[in-house]
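Participant: Please find my_file-v5.pdb (PDB, C-alpha atoms, pLDDT in the B column) on the next line:
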MODEL        1
ATOM      1  CA  ALA F   1       0.043 -21.805  -3.697  1.00 74.00           C
ATOM      2  CA  GLN F   2      -3.566 -21.726  -2.653  1.00 83.00           C
ATOM      3  CA  THR F   3      -5.950 -19.179  -4.102  1.00 92.00           C
ATOM      4  CA  VAL F   4      -9.543 -18.319  -3.305  1.00 95.00           C
ATOM      5  CA  THR F   5     -11.584 -16.125  -5.623  1.00 97.00           C
ATOM      6  CA  GLN F   6     -14.798 -14.313  -4.858  1.00 97.00           C
ATOM      7  CA  SER F   7     -15.979 -12.567  -8.014  1.00 95.00           C
ATOM      8  CA  GLN F   8     -18.888 -10.629  -6.502  1.00 96.00           C
ATOM      9  CA  PRO F   9     -17.655  -7.594  -4.522  1.00 95.00           C
ATOM     10  CA  GLU F  10     -21.179  -6.573  -3.556  1.00 97.00           C
ATOM     11  CA  MET F  11     -24.624  -8.114  -3.590  1.00 97.00           C
ATOM     12  CA  SER F  12     -28.064  -7.088  -2.464  1.00 97.00           C
ATOM     13  CA  VAL F  13     -31.098  -9.171  -1.577  1.00 97.00           C
ATOM     14  CA  GLN F  14     -34.528  -8.427  -0.234  1.00 97.00           C
ATOM     15  CA  GLU F  15     -35.583  -9.728   3.127  1.00 97.00           C
ATOM     16  CA  ALA F  16     -37.009 -13.292   2.993  1.00 97.00           C
ATOM     17  CA  GLU F  17     -35.459 -13.935  -0.436  1.00 97.00           C
ATOM     18  CA  THR F  18     -32.651 -16.348  -1.284  1.00 98.00           C
ATOM     19  CA  VAL F  19     -29.170 -15.307  -2.356  1.00 98.00           C
ATOM     20  CA  THR F  20     -26.116 -17.256  -3.492  1.00 98.00           C
ATOM     21  CA  LEU F  21     -22.553 -16.080  -3.012  1.00 98.00           C
ATOM     22  CA  SER F  22     -19.909 -17.533  -5.321  1.00 98.00           C
ATOM     23  CA  CYS F  23     -16.468 -18.819  -4.483  1.00 98.00           C
ATOM     24  CA  THR F  24     -13.865 -20.748  -6.441  1.00 97.00           C
ATOM     25  CA  TYR F  25     -10.591 -22.075  -5.111  1.00 96.00           C
ATOM     26  CA  ASP F  26      -7.442 -23.692  -6.334  1.00 93.00           C
ATOM     27  CA  THR F  27      -5.345 -26.177  -4.421  1.00 87.00           C
ATOM     28  CA  SER F  28      -3.122 -29.135  -5.160  1.00 85.00           C
ATOM     29  CA  GLU F  29      -3.765 -30.651  -1.734  1.00 83.00           C
ATOM     30  CA  SER F  30      -5.965 -33.702  -1.360  1.00 81.00           C
ATOM     31  CA  ASN F  31      -6.851 -32.968   2.254  1.00 81.00           C
ATOM     32  CA  TYR F  32      -8.443 -29.557   2.692  1.00 87.00           C
ATOM     33  CA  TYR F  33     -11.342 -27.764   4.278  1.00 89.00           C
ATOM     34  CA  LEU F  34     -13.516 -24.915   3.069  1.00 93.00           C
ATOM     35  CA  PHE F  35     -15.224 -22.277   5.150  1.00 94.00           C
ATOM     36  CA  TRP F  36     -17.542 -19.336   4.917  1.00 96.00           C
ATOM     37  CA  TYR F  37     -16.983 -16.598   7.485  1.00 96.00           C
ATOM     38  CA  LYS F  38     -19.311 -13.702   8.194  1.00 97.00           C
ATOM     39  CA  GLN F  39     -17.977 -10.316   9.269  1.00 97.00           C
ATOM     40  CA  PRO F  40     -20.731  -7.960  10.476  1.00 96.00           C
ATOM     41  CA  PRO F  41     -20.097  -4.266  11.163  1.00 93.00           C
ATOM     42  CA  SER F  42     -18.691  -5.241  14.565  1.00 92.00           C
ATOM     43  CA  ARG F  43     -15.745  -6.717  12.575  1.00 93.00           C
ATOM     44  CA  GLN F  44     -15.900 -10.007  14.470  1.00 94.00           C
ATOM     45  CA  MET F  45     -15.112 -13.025  12.274  1.00 95.00           C
ATOM     46  CA  ILE F  46     -17.910 -15.564  12.684  1.00 94.00           C
ATOM     47  CA  LEU F  47     -17.811 -19.050  11.213  1.00 93.00           C
ATOM     48  CA  VAL F  48     -20.951 -19.685   9.171  1.00 95.00           C
ATOM     49  CA  ILE F  49     -20.333 -23.122   7.715  1.00 94.00           C
ATOM     50  CA  ARG F  50     -17.533 -25.562   6.952  1.00 92.00           C
ATOM     51  CA  GLN F  51     -17.057 -28.355   4.430  1.00 92.00           C
ATOM     52  CA  GLU F  52     -14.517 -31.161   4.515  1.00 89.00           C
ATOM     53  CA  ALA F  53     -13.271 -31.907   1.000  1.00 88.00           C
ATOM     54  CA  TYR F  54     -13.530 -35.669   1.486  1.00 87.00           C
ATOM     55  CA  LYS F  55     -17.249 -35.425   2.211  1.00 87.00           C
ATOM     56  CA  GLN F  56     -19.523 -35.506  -0.818  1.00 86.00           C
ATOM     57  CA  GLN F  57     -22.580 -34.302   1.047  1.00 90.00           C
ATOM     58  CA  ASN F  58     -23.087 -30.552   1.057  1.00 93.00           C
ATOM     59  CA  ALA F  59     -22.948 -28.940   4.496  1.00 91.00           C
ATOM     60  CA  THR F  60     -26.036 -27.243   5.902  1.00 91.00           C
ATOM     61  CA  GLU F  61     -26.502 -24.998   8.933  1.00 91.00           C
ATOM     62  CA  ASN F  62     -30.091 -23.833   9.340  1.00 95.00           C
ATOM     63  CA  ARG F  63     -30.695 -21.213   6.611  1.00 97.00           C
ATOM     64  CA  PHE F  64     -27.165 -21.545   5.260  1.00 97.00           C
ATOM     65  CA  SER F  65     -26.110 -24.247   2.844  1.00 96.00           C
ATOM     66  CA  VAL F  66     -23.287 -24.795   0.394  1.00 97.00           C
ATOM     67  CA  ASN F  67     -23.010 -26.188  -3.098  1.00 96.00           C
ATOM     68  CA  PHE F  68     -19.647 -27.944  -3.135  1.00 96.00           C
ATOM     69  CA  GLN F  69     -18.498 -28.945  -6.608  1.00 95.00           C
ATOM     70  CA  LYS F  70     -15.128 -30.582  -6.046  1.00 93.00           C
ATOM     71  CA  ALA F  71     -14.221 -31.181  -9.674  1.00 93.00           C
ATOM     72  CA  ALA F  72     -15.020 -27.597 -10.576  1.00 94.00           C
ATOM     73  CA  LYS F  73     -13.381 -26.309  -7.373  1.00 95.00           C
ATOM     74  CA  SER F  74     -16.456 -24.310  -6.579  1.00 96.00           C
ATOM     75  CA  PHE F  75     -17.914 -23.629  -3.118  1.00 96.00           C
ATOM     76  CA  SER F  76     -20.954 -21.344  -3.176  1.00 97.00           C
ATOM     77  CA  LEU F  77     -23.001 -20.251  -0.158  1.00 98.00           C
ATOM     78  CA  LYS F  78     -26.783 -20.100  -0.301  1.00 98.00           C
ATOM     79  CA  ILE F  79     -28.657 -18.048   2.258  1.00 98.00           C
ATOM     80  CA  SER F  80     -32.366 -18.794   2.412  1.00 97.00           C
ATOM     81  CA  ASP F  81     -35.030 -16.562   3.952  1.00 97.00           C
ATOM     82  CA  SER F  82     -32.550 -13.686   4.206  1.00 97.00           C
ATOM     83  CA  GLN F  83     -32.769 -11.550   7.320  1.00 97.00           C
ATOM     84  CA  LEU F  84     -31.590  -8.016   8.044  1.00 97.00           C
ATOM     85  CA  GLY F  85     -29.027  -9.494  10.441  1.00 96.00           C
ATOM     86  CA  ASP F  86     -27.380 -11.279   7.530  1.00 97.00           C
ATOM     87  CA  THR F  87     -26.046  -7.937   6.298  1.00 97.00           C
ATOM     88  CA  ALA F  88     -22.274  -8.375   6.471  1.00 97.00           C
ATOM     89  CA  MET F  89     -19.099  -9.070   4.573  1.00 97.00           C
ATOM     90  CA  TYR F  90     -18.756 -12.748   3.726  1.00 98.00           C
ATOM     91  CA  PHE F  91     -15.397 -14.398   3.224  1.00 97.00           C
ATOM     92  CA  CYS F  92     -14.736 -17.742   1.619  1.00 97.00           C
ATOM     93  CA  ALA F  93     -11.588 -19.495   2.874  1.00 94.00           C
ATOM     94  CA  SER F  94      -9.651 -22.698   2.361  1.00 92.00           C
ATOM     95  CA  LEU F  95      -7.575 -24.507   4.973  1.00 87.00           C
ATOM     96  CA  THR F  96      -4.816 -26.747   3.727  1.00 79.00           C
ATOM     97  CA  GLY F  97      -1.547 -28.380   4.532  1.00 69.00           C
ATOM     98  CA  THR F  98       0.323 -29.172   7.670  1.00 64.00           C
ATOM     99  CA  ALA F  99       0.691 -25.444   8.371  1.00 65.00           C
ATOM    100  CA  SER F 100      -3.079 -25.119   8.890  1.00 72.00           C
ATOM    101  CA  LYS F 101      -3.016 -22.021   6.762  1.00 77.00           C
ATOM    102  CA  LEU F 102      -6.266 -20.229   6.019  1.00 85.00           C
ATOM    103  CA  THR F 103      -6.361 -18.567   2.616  1.00 91.00           C
ATOM    104  CA  PHE F 104      -9.143 -16.023   2.225  1.00 94.00           C
ATOM    105  CA  GLY F 105     -10.959 -14.578  -0.732  1.00 95.00           C
ATOM    106  CA  THR F 106     -11.434 -10.826  -1.029  1.00 95.00           C
ATOM    107  CA  GLY F 107     -14.959 -10.937   0.327  1.00 96.00           C
ATOM    108  CA  THR F 108     -18.520 -10.203  -0.816  1.00 97.00           C
ATOM    109  CA  ARG F 109     -20.420  -7.429   0.872  1.00 97.00           C
ATOM    110  CA  LEU F 110     -24.058  -8.498   1.265  1.00 98.00           C
ATOM    111  CA  GLN F 111     -26.801  -5.991   1.938  1.00 98.00           C
ATOM    112  CA  VAL F 112     -30.231  -7.265   2.975  1.00 97.00           C
ATOM    113  CA  THR F 113     -32.980  -4.734   2.314  1.00 96.00           C
ATOM    114  CA  LEU F 114     -36.610  -4.404   3.351  1.00 93.00           C
TER     115      LEU F 114
ATOM    116  CA  GLU X   1     -16.014 -18.558  28.319  1.00 84.00           C
ATOM    117  CA  ALA X   2     -13.791 -19.874  25.537  1.00 82.00           C
ATOM    118  CA  GLN X   3     -12.289 -16.941  23.727  1.00 93.00           C
ATOM    119  CA  VAL X   4      -9.385 -15.241  22.005  1.00 96.00           C
ATOM    120  CA  THR X   5      -8.571 -11.799  23.369  1.00 97.00           C
ATOM    121  CA  GLN X   6      -6.524  -9.044  21.791  1.00 98.00           C
ATOM    122  CA  ASN X   7      -5.192  -5.815  23.227  1.00 97.00           C
ATOM    123  CA  PRO X   8      -5.385  -3.046  22.452  1.00 97.00           C
ATOM    124  CA  ARG X   9      -8.507  -2.936  20.300  1.00 97.00           C
ATOM    125  CA  TYR X  10      -7.570   0.422  18.828  1.00 97.00           C
ATOM    126  CA  LEU X  11      -4.167   2.030  18.524  1.00 97.00           C
ATOM    127  CA  ILE X  12      -2.913   5.172  16.833  1.00 97.00           C
ATOM    128  CA  THR X  13       0.852   5.553  16.793  1.00 96.00           C
ATOM    129  CA  VAL X  14       3.634   7.256  14.884  1.00 96.00           C
ATOM    130  CA  THR X  15       6.191   5.904  12.472  1.00 97.00           C
ATOM    131  CA  GLY X  16       9.084   4.131  14.164  1.00 96.00           C
ATOM    132  CA  LYS X  17       7.611   3.747  17.646  1.00 97.00           C
ATOM    133  CA  LYS X  18       7.801   0.097  18.656  1.00 97.00           C
ATOM    134  CA  LEU X  19       4.536  -1.520  19.640  1.00 97.00           C
ATOM    135  CA  THR X  20       3.173  -4.892  20.695  1.00 98.00           C
ATOM    136  CA  VAL X  21      -0.307  -6.270  20.154  1.00 98.00           C
ATOM    137  CA  THR X  22      -1.086  -9.031  22.596  1.00 98.00           C
ATOM    138  CA  CYS X  23      -3.123 -12.150  21.871  1.00 98.00           C
ATOM    139  CA  SER X  24      -4.249 -14.706  24.394  1.00 98.00           C
ATOM    140  CA  GLN X  25      -6.468 -17.791  24.180  1.00 97.00           C
ATOM    141  CA  ASN X  26      -7.945 -19.884  26.986  1.00 94.00           C
ATOM    142  CA  MET X  27      -8.773 -23.010  24.985  1.00 91.00           C
ATOM    143  CA  ASN X  28      -5.405 -24.773  25.274  1.00 90.00           C
ATOM    144  CA  HIS X  29      -5.011 -24.539  21.500  1.00 89.00           C
ATOM    145  CA  GLU X  30      -1.714 -25.547  19.936  1.00 88.00           C
ATOM    146  CA  TYR X  31      -2.070 -23.458  16.801  1.00 89.00           C
ATOM    147  CA  MET X  32      -2.115 -19.658  16.719  1.00 92.00           C
ATOM    148  CA  SER X  33      -1.884 -17.226  13.852  1.00 93.00           C
ATOM    149  CA  TRP X  34      -1.909 -13.534  12.985  1.00 96.00           C
ATOM    150  CA  TYR X  35      -3.726 -12.053   9.992  1.00 96.00           C
ATOM    151  CA  ARG X  36      -4.092  -8.572   8.627  1.00 97.00           C
ATOM    152  CA  GLN X  37      -7.183  -7.381   6.797  1.00 97.00           C
ATOM    153  CA  ASP X  38      -7.019  -4.682   4.153  1.00 95.00           C
ATOM    154  CA  PRO X  39      -9.810  -3.438   1.847  1.00 91.00           C
ATOM    155  CA  GLY X  40     -10.016  -5.445  -1.337  1.00 89.00           C
ATOM    156  CA  LEU X  41      -7.414  -7.953  -0.169  1.00 92.00           C
ATOM    157  CA  GLY X  42      -9.268 -10.068   2.363  1.00 91.00           C
ATOM    158  CA  LEU X  43      -7.246 -11.463   5.256  1.00 94.00           C
ATOM    159  CA  ARG X  44      -3.626 -12.423   4.798  1.00 94.00           C
ATOM    160  CA  GLN X  45      -1.523 -14.476   7.152  1.00 93.00           C
ATOM    161  CA  ILE X  46       1.442 -12.740   8.798  1.00 96.00           C
ATOM    162  CA  TYR X  47       2.921 -15.415  11.079  1.00 95.00           C
ATOM    163  CA  TYR X  48       1.754 -18.623  12.645  1.00 92.00           C
ATOM    164  CA  SER X  49       2.805 -20.954  15.436  1.00 92.00           C
ATOM    165  CA  MET X  50       2.108 -24.660  15.672  1.00 87.00           C
ATOM    166  CA  ASN X  51       3.242 -24.911  19.291  1.00 88.00           C
ATOM    167  CA  VAL X  52       5.389 -23.295  21.952  1.00 91.00           C
ATOM    168  CA  GLU X  53       8.711 -22.056  20.552  1.00 91.00           C
ATOM    169  CA  VAL X  54       7.634 -23.031  17.007  1.00 89.00           C
ATOM    170  CA  THR X  55       6.834 -20.116  14.715  1.00 93.00           C
ATOM    171  CA  ASP X  56       6.951 -19.578  10.963  1.00 91.00           C
ATOM    172  CA  LYS X  57       6.294 -16.924   8.354  1.00 93.00           C
ATOM    173  CA  GLY X  58       3.010 -16.542   6.572  1.00 91.00           C
ATOM    174  CA  ASP X  59       2.403 -14.597   3.382  1.00 91.00           C
ATOM    175  CA  VAL X  60       3.225 -11.078   4.592  1.00 96.00           C
ATOM    176  CA  PRO X  61       5.785 -11.292   7.437  1.00 97.00           C
ATOM    177  CA  GLU X  62       7.941  -8.264   6.559  1.00 97.00           C
ATOM    178  CA  GLY X  63       8.066  -5.707   9.355  1.00 97.00           C
ATOM    179  CA  TYR X  64       6.623  -8.024  11.993  1.00 98.00           C
ATOM    180  CA  LYS X  65       7.958 -10.307  14.704  1.00 98.00           C
ATOM    181  CA  VAL X  66       6.256 -12.858  16.918  1.00 97.00           C
ATOM    182  CA  SER X  67       7.120 -15.056  19.859  1.00 96.00           C
ATOM    183  CA  ARG X  68       5.482 -18.088  21.472  1.00 96.00           C
ATOM    184  CA  LYS X  69       6.936 -18.598  24.912  1.00 96.00           C
ATOM    185  CA  GLU X  70       3.705 -19.836  26.422  1.00 96.00           C
ATOM    186  CA  LYS X  71       0.961 -21.864  24.852  1.00 94.00           C
ATOM    187  CA  ARG X  72      -1.757 -19.309  25.531  1.00 96.00           C
ATOM    188  CA  ASN X  73       0.024 -16.148  24.302  1.00 97.00           C
ATOM    189  CA  PHE X  74       1.168 -15.084  20.858  1.00 98.00           C
ATOM    190  CA  PRO X  75       2.146 -11.390  20.734  1.00 98.00           C
ATOM    191  CA  LEU X  76       2.685  -9.509  17.483  1.00 98.00           C
ATOM    192  CA  ILE X  77       5.570  -7.050  17.557  1.00 98.00           C
ATOM    193  CA  LEU X  78       6.136  -4.142  15.212  1.00 97.00           C
ATOM    194  CA  GLU X  79       9.702  -2.986  15.847  1.00 95.00           C
ATOM    195  CA  SER X  80       9.498   0.092  13.632  1.00 97.00           C
ATOM    196  CA  PRO X  81       5.945   0.618  12.390  1.00 97.00           C
ATOM    197  CA  SER X  82       5.348   2.319   9.063  1.00 97.00           C
ATOM    198  CA  PRO X  83       2.170   3.773   7.530  1.00 97.00           C
ATOM    199  CA  ASN X  84       1.769   0.727   5.246  1.00 97.00           C
ATOM    200  CA  GLN X  85       1.155  -1.333   8.367  1.00 98.00           C
ATOM    201  CA  THR X  86      -2.040   0.572   9.040  1.00 98.00           C
ATOM    202  CA  SER X  87      -4.579  -2.235   9.029  1.00 98.00           C
ATOM    203  CA  LEU X  88      -7.035  -4.366  10.966  1.00 98.00           C
ATOM    204  CA  TYR X  89      -5.249  -7.228  12.712  1.00 98.00           C
ATOM    205  CA  PHE X  90      -6.737 -10.522  13.824  1.00 97.00           C
ATOM    206  CA  CYS X  91      -5.321 -13.226  16.014  1.00 97.00           C
ATOM    207  CA  ALA X  92      -6.739 -16.732  15.666  1.00 94.00           C
ATOM    208  CA  SER X  93      -6.254 -20.096  17.340  1.00 92.00           C
ATOM    209  CA  SER X  94      -7.276 -23.683  16.791  1.00 87.00           C
ATOM    210  CA  PHE X  95      -6.782 -27.164  18.124  1.00 80.00           C
ATOM    211  CA  ARG X  96      -4.708 -29.058  15.637  1.00 69.00           C
ATOM    212  CA  ALA X  97      -4.208 -32.769  16.099  1.00 57.00           C
ATOM    213  CA  SER X  98      -1.231 -33.970  14.133  1.00 58.00           C
ATOM    214  CA  GLY X  99       0.349 -37.290  13.436  1.00 52.00           C
ATOM    215  CA  SER X 100      -0.104 -39.568  10.497  1.00 45.00           C
ATOM    216  CA  VAL X 101      -3.170 -37.510   9.585  1.00 50.00           C
ATOM    217  CA  VAL X 102      -3.371 -33.812  10.300  1.00 52.00           C
ATOM    218  CA  ILE X 103      -6.784 -32.834  11.584  1.00 59.00           C
ATOM    219  CA  HIS X 104      -7.754 -29.255  10.963  1.00 60.00           C
ATOM    220  CA  ASN X 105     -10.324 -27.650  13.157  1.00 70.00           C
ATOM    221  CA  GLU X 106     -11.990 -24.301  12.879  1.00 79.00           C
ATOM    222  CA  GLN X 107      -9.979 -21.262  13.807  1.00 85.00           C
ATOM    223  CA  PHE X 108     -11.403 -18.999  16.495  1.00 90.00           C
ATOM    224  CA  PHE X 109     -10.749 -15.331  15.914  1.00 94.00           C
ATOM    225  CA  GLY X 110     -10.104 -12.514  18.330  1.00 96.00           C
ATOM    226  CA  PRO X 111     -12.121  -9.281  18.084  1.00 96.00           C
ATOM    227  CA  GLY X 112      -9.510  -7.484  15.986  1.00 97.00           C
ATOM    228  CA  THR X 113      -7.111  -4.587  16.568  1.00 98.00           C
ATOM    229  CA  ARG X 114      -7.436  -1.461  14.468  1.00 97.00           C
ATOM    230  CA  LEU X 115      -3.937  -0.002  14.046  1.00 98.00           C
ATOM    231  CA  THR X 116      -3.190   3.374  12.504  1.00 98.00           C
ATOM    232  CA  VAL X 117       0.418   4.418  11.904  1.00 97.00           C
ATOM    233  CA  LEU X 118       0.878   8.111  11.165  1.00 96.00           C
TER     234      LEU X 118
ENDMDL
END
Here is the file; what I need is its structure written in the form of structure tokens.

Facilitator:
Amino acid sequence: AQTVTQSQPEMSVQEAETVTLSCTYDTSESNYYLFWYKQPPSRQMILVIRQEAYKQQNATENRFSVNFQKAAKSFSLKISDSQLGDTAMYFCASLTGTASKLTFGTGTRLQVTL
Amino acid sequence: EAQVTQNPRYLITVTGKKLTVTCSQNMNHEYMSWYRQDPGLGLRQIYYSMNVEVTDKGDVPEGYKVSRKEKRNFPLILESPSPNQTSLYFCASSFRASGSVVIHNEQFFGPGTRLTVL
């Protein structure tokens, strides 16, 4: 069974600062993908960034980057230059197996303050 | 515009009254899935479908049914809703190339359906 753990239920960061959201996962699969999704108050699920497990290089999307530690099964999200629009729930997820099943963590609620 | 649509967006119903939540995608995706989101639990998979007429259970299938008669549609059916099915429901789809190597692509999510069962 796949598991994804997000140990920070809530976090707060000041505008323009940097924040890191933690995520650990467990899988026995060799071929898997990792994602961070953002869920703003509108409830829409928005893909922030993805990482293929076979790639050693950490994924980056503008202000968002990940620290992928495969041996430690860790997949943290770093948000640089935080903006008020980054306020949202963030979900870490893994995608494995022939069933293309997404397994989600319980989420981290991020509040960006002035 | 490429999208996943769900209807209705909001629904309040009573225990035992059958309901269907529709899901449709216009991206010719093979793979479709239903999730429910509950506070403190994240999103959990209910059912999924890898192609027309191919469906299978996810982690929390009890009390739900699905069908996949057309590639674009994947309705979620609650035959006899109960209060513990009060939740936020998401439909998702993705292109999934399969063969000797399964290629997983990102899943596109619908806008969600807020269901309340009284």

Participant: Which residue is closest to Ala92 (chain X)? Choose from X:Tyr10, X:Trp34, X:Phe74, X:Tyr64 and count all atoms listed in the file.

Facilitator: X:Trp34

Participant: Mind dumping a table of every chain X residue within 12 Å of chain F, with the nearest atom pair and its distance in Å to one decimal, using all atoms listed in the file, sorted by chain and rising number, as a tab-separated table?

Facilitator:
residue	atom	partner	partner_atom	distance
X:Val4	CA	F:Gln44	CA	11.3
X:Thr5	CA	F:Gln44	CA	11.7
X:Gln6	CA	F:Gln44	CA	11.9
X:Arg9	CA	F:Arg43	CA	11.2
X:Glu30	CA	F:Ser100	CA	11.1
X:Tyr31	CA	F:Ser100	CA	8.1
X:Met32	CA	F:Ser100	CA	9.6
X:Ser33	CA	F:Lys101	CA	8.6
X:Trp34	CA	F:Lys101	CA	10.6
X:Tyr35	CA	F:Leu102	CA	9.4
X:Arg36	CA	F:Phe104	CA	11.0
X:Gln37	CA	F:Thr106	CA	9.5
X:Asp38	CA	F:Thr106	CA	9.2
X:Pro39	CA	F:Thr106	CA	8.1
X:Gly40	CA	F:Thr106	CA	5.6
X:Leu41	CA	F:Thr106	CA	5.0
X:Gly42	CA	F:Thr106	CA	4.1
X:Leu43	CA	F:Phe104	CA	5.8
X:Arg44	CA	F:Thr103	CA	7.1
X:Gln45	CA	F:Leu102	CA	7.5
X:Ile46	CA	F:Lys101	CA	10.5
X:Tyr47	CA	F:Lys101	CA	9.9
X:Tyr48	CA	F:Ala99	CA	8.1
X:Ser49	CA	F:Ala99	CA	8.6
X:Met50	CA	F:Ala99	CA	7.5
X:Asn51	CA	F:Ala99	CA	11.2
X:Val54	CA	F:Ala99	CA	11.3
X:Thr55	CA	F:Ala99	CA	10.3
X:Asp56	CA	F:Ala99	CA	9.0
X:Lys57	CA	F:Ala99	CA	10.2
X:Gly58	CA	F:Lys101	CA	8.1
X:Asp59	CA	F:Thr103	CA	9.7
X:Leu88	CA	F:Arg43	CA	9.2
X:Tyr89	CA	F:Arg43	CA	10.5
X:Phe90	CA	F:Met45	CA	8.9
X:Cys91	CA	F:Met45	CA	10.5
X:Ala92	CA	F:Met45	CA	9.8
X:Ser93	CA	F:Ser100	CA	10.3
X:Ser94	CA	F:Ser100	CA	9.1
X:Phe95	CA	F:Ser100	CA	10.2
X:Arg96	CA	F:Ser100	CA	8.0
X:Ala97	CA	F:Thr98	CA	10.2
X:Ser98	CA	F:Thr98	CA	8.2
X:Gly99	CA	F:Thr98	CA	10.0
X:Ser100	CA	F:Thr98	CA	10.8
X:Val101	CA	F:Thr98	CA	9.2
X:Val102	CA	F:Thr98	CA	6.5
X:Ile103	CA	F:Thr98	CA	8.9
X:His104	CA	F:Ser100	CA	6.6
X:Asn105	CA	F:Ser100	CA	8.8
X:Glu106	CA	F:Leu47	CA	8.0
X:Gln107	CA	F:Leu47	CA	8.5
X:Phe108	CA	F:Met45	CA	8.2
X:Phe109	CA	F:Met45	CA	6.1
X:Gly110	CA	F:Gln44	CA	7.4
X:Pro111	CA	F:Gln44	CA	5.3
X:Gly112	CA	F:Gln44	CA	7.0
X:Thr113	CA	F:Arg43	CA	9.7
X:Arg114	CA	F:Arg43	CA	10.0

Participant: Going by the chain IDs and residue numbers used in this file, which residues fall under the PyMOL selection byres ((chain X and resi 18) around 10)? Write them as a VMD selection string.

Facilitator: chain X and resid 13 to 17 19 to 20 77 to 81

Participant: Taking all atoms of region 35-54 of chain F that the file lists and extending 8 Å past them on each side, where is the centre of the axis-aligned box and how long are its edges? Answer in Å to one decimal, as JSON.

Facilitator:
{"center_x": -17.1, "center_y": -20.0, "center_z": 7.8, "size_x": 23.7, "size_y": 47.4, "size_z": 29.6}

Participant: Could you please determine the separation between CA of Leu118 (chain X) and CA of Glu62 (chain X) in Å, to one decimal place?

Facilitator: 18.4 Å

Participant: May I ask for the distance between CA of Pro8 (chain X) and CA of Leu115 (chain X), given in Å to one decimal place?

Facilitator: 9.1 Å

Participant: Could you please determine the separation between CA of Gln6 (chain F) and CA of Thr86 (chain X) in Å, to one decimal place?

Facilitator: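 CA of Thr86 (chain X) lies 24.0 Å from CA of Gln6 (chain F).
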
Participant: Neighbours of Phe75 (chain F) within 10 Å (all atoms listed in the file; same-chain residues fewer than 2 positions away dropped), as an mmCIF file with C-alpha atoms, in the coordinates of the input?

Facilitator:
data_model
loop_
_atom_site.group_PDB
_atom_site.id
_atom_site.type_symbol
_atom_site.label_atom_id
_atom_site.label_comp_id
_atom_site.auth_asym_id
_atom_site.auth_seq_id
_atom_site.Cartn_x
_atom_site.Cartn_y
_atom_site.Cartn_z
ATOM 1 C CA VAL F 4 -9.543 -18.319 -3.305
ATOM 2 C CA GLN F 6 -14.798 -14.313 -4.858
ATOM 3 C CA LEU F 21 -22.553 -16.080 -3.012
ATOM 4 C CA SER F 22 -19.909 -17.533 -5.321
ATOM 5 C CA CYS F 23 -16.468 -18.819 -4.483
ATOM 6 C CA THR F 24 -13.865 -20.748 -6.441
ATOM 7 C CA TYR F 25 -10.591 -22.075 -5.111
ATOM 8 C CA LEU F 34 -13.516 -24.915 3.069
ATOM 9 C CA PHE F 35 -15.224 -22.277 5.150
ATOM 10 C CA TRP F 36 -17.542 -19.336 4.917
ATOM 11 C CA GLN F 51 -17.057 -28.355 4.430
ATOM 12 C CA ASN F 58 -23.087 -30.552 1.057
ATOM 13 C CA VAL F 66 -23.287 -24.795 0.394
ATOM 14 C CA ASN F 67 -23.010 -26.188 -3.098
ATOM 15 C CA PHE F 68 -19.647 -27.944 -3.135
ATOM 16 C CA GLN F 69 -18.498 -28.945 -6.608
ATOM 17 C CA LYS F 70 -15.128 -30.582 -6.046
ATOM 18 C CA ALA F 72 -15.020 -27.597 -10.576
ATOM 19 C CA LYS F 73 -13.381 -26.309 -7.373
ATOM 20 C CA LEU F 77 -23.001 -20.251 -0.158
ATOM 21 C CA LYS F 78 -26.783 -20.100 -0.301
ATOM 22 C CA CYS F 92 -14.736 -17.742 1.619
ATOM 23 C CA ALA F 93 -11.588 -19.495 2.874
ATOM 24 C CA SER F 94 -9.651 -22.698 2.361
#

Participant: Under the PyMOL selection byres ((chain F and resi 12) around 12), which residues of this model are included? Write them out as a ChimeraX atom specification.

Facilitator: /F:8-11,13-15,17-21,79,82-84,86-89,108-114

Participant: Quick one: which residues end up in the PyMOL selection byres ((chain X and resi 21) around 6) for this structure, as an NGL selection string?

Facilitator: :X and (7 or 20 or 22 or 75-76)

Participant: Those residues with C-alpha atoms, as a compact mmCIF listing (two decimals), in the frame of the given file please?

Facilitator:
# COMPACT_ATOMS: atom_id res chain seq x y z
CA ASN X 7 -5.19 -5.82 23.23
CA THR X 20 3.17 -4.89 20.70
CA THR X 22 -1.09 -9.03 22.60
CA PRO X 75 2.15 -11.39 20.73
CA LEU X 76 2.68 -9.51 17.48
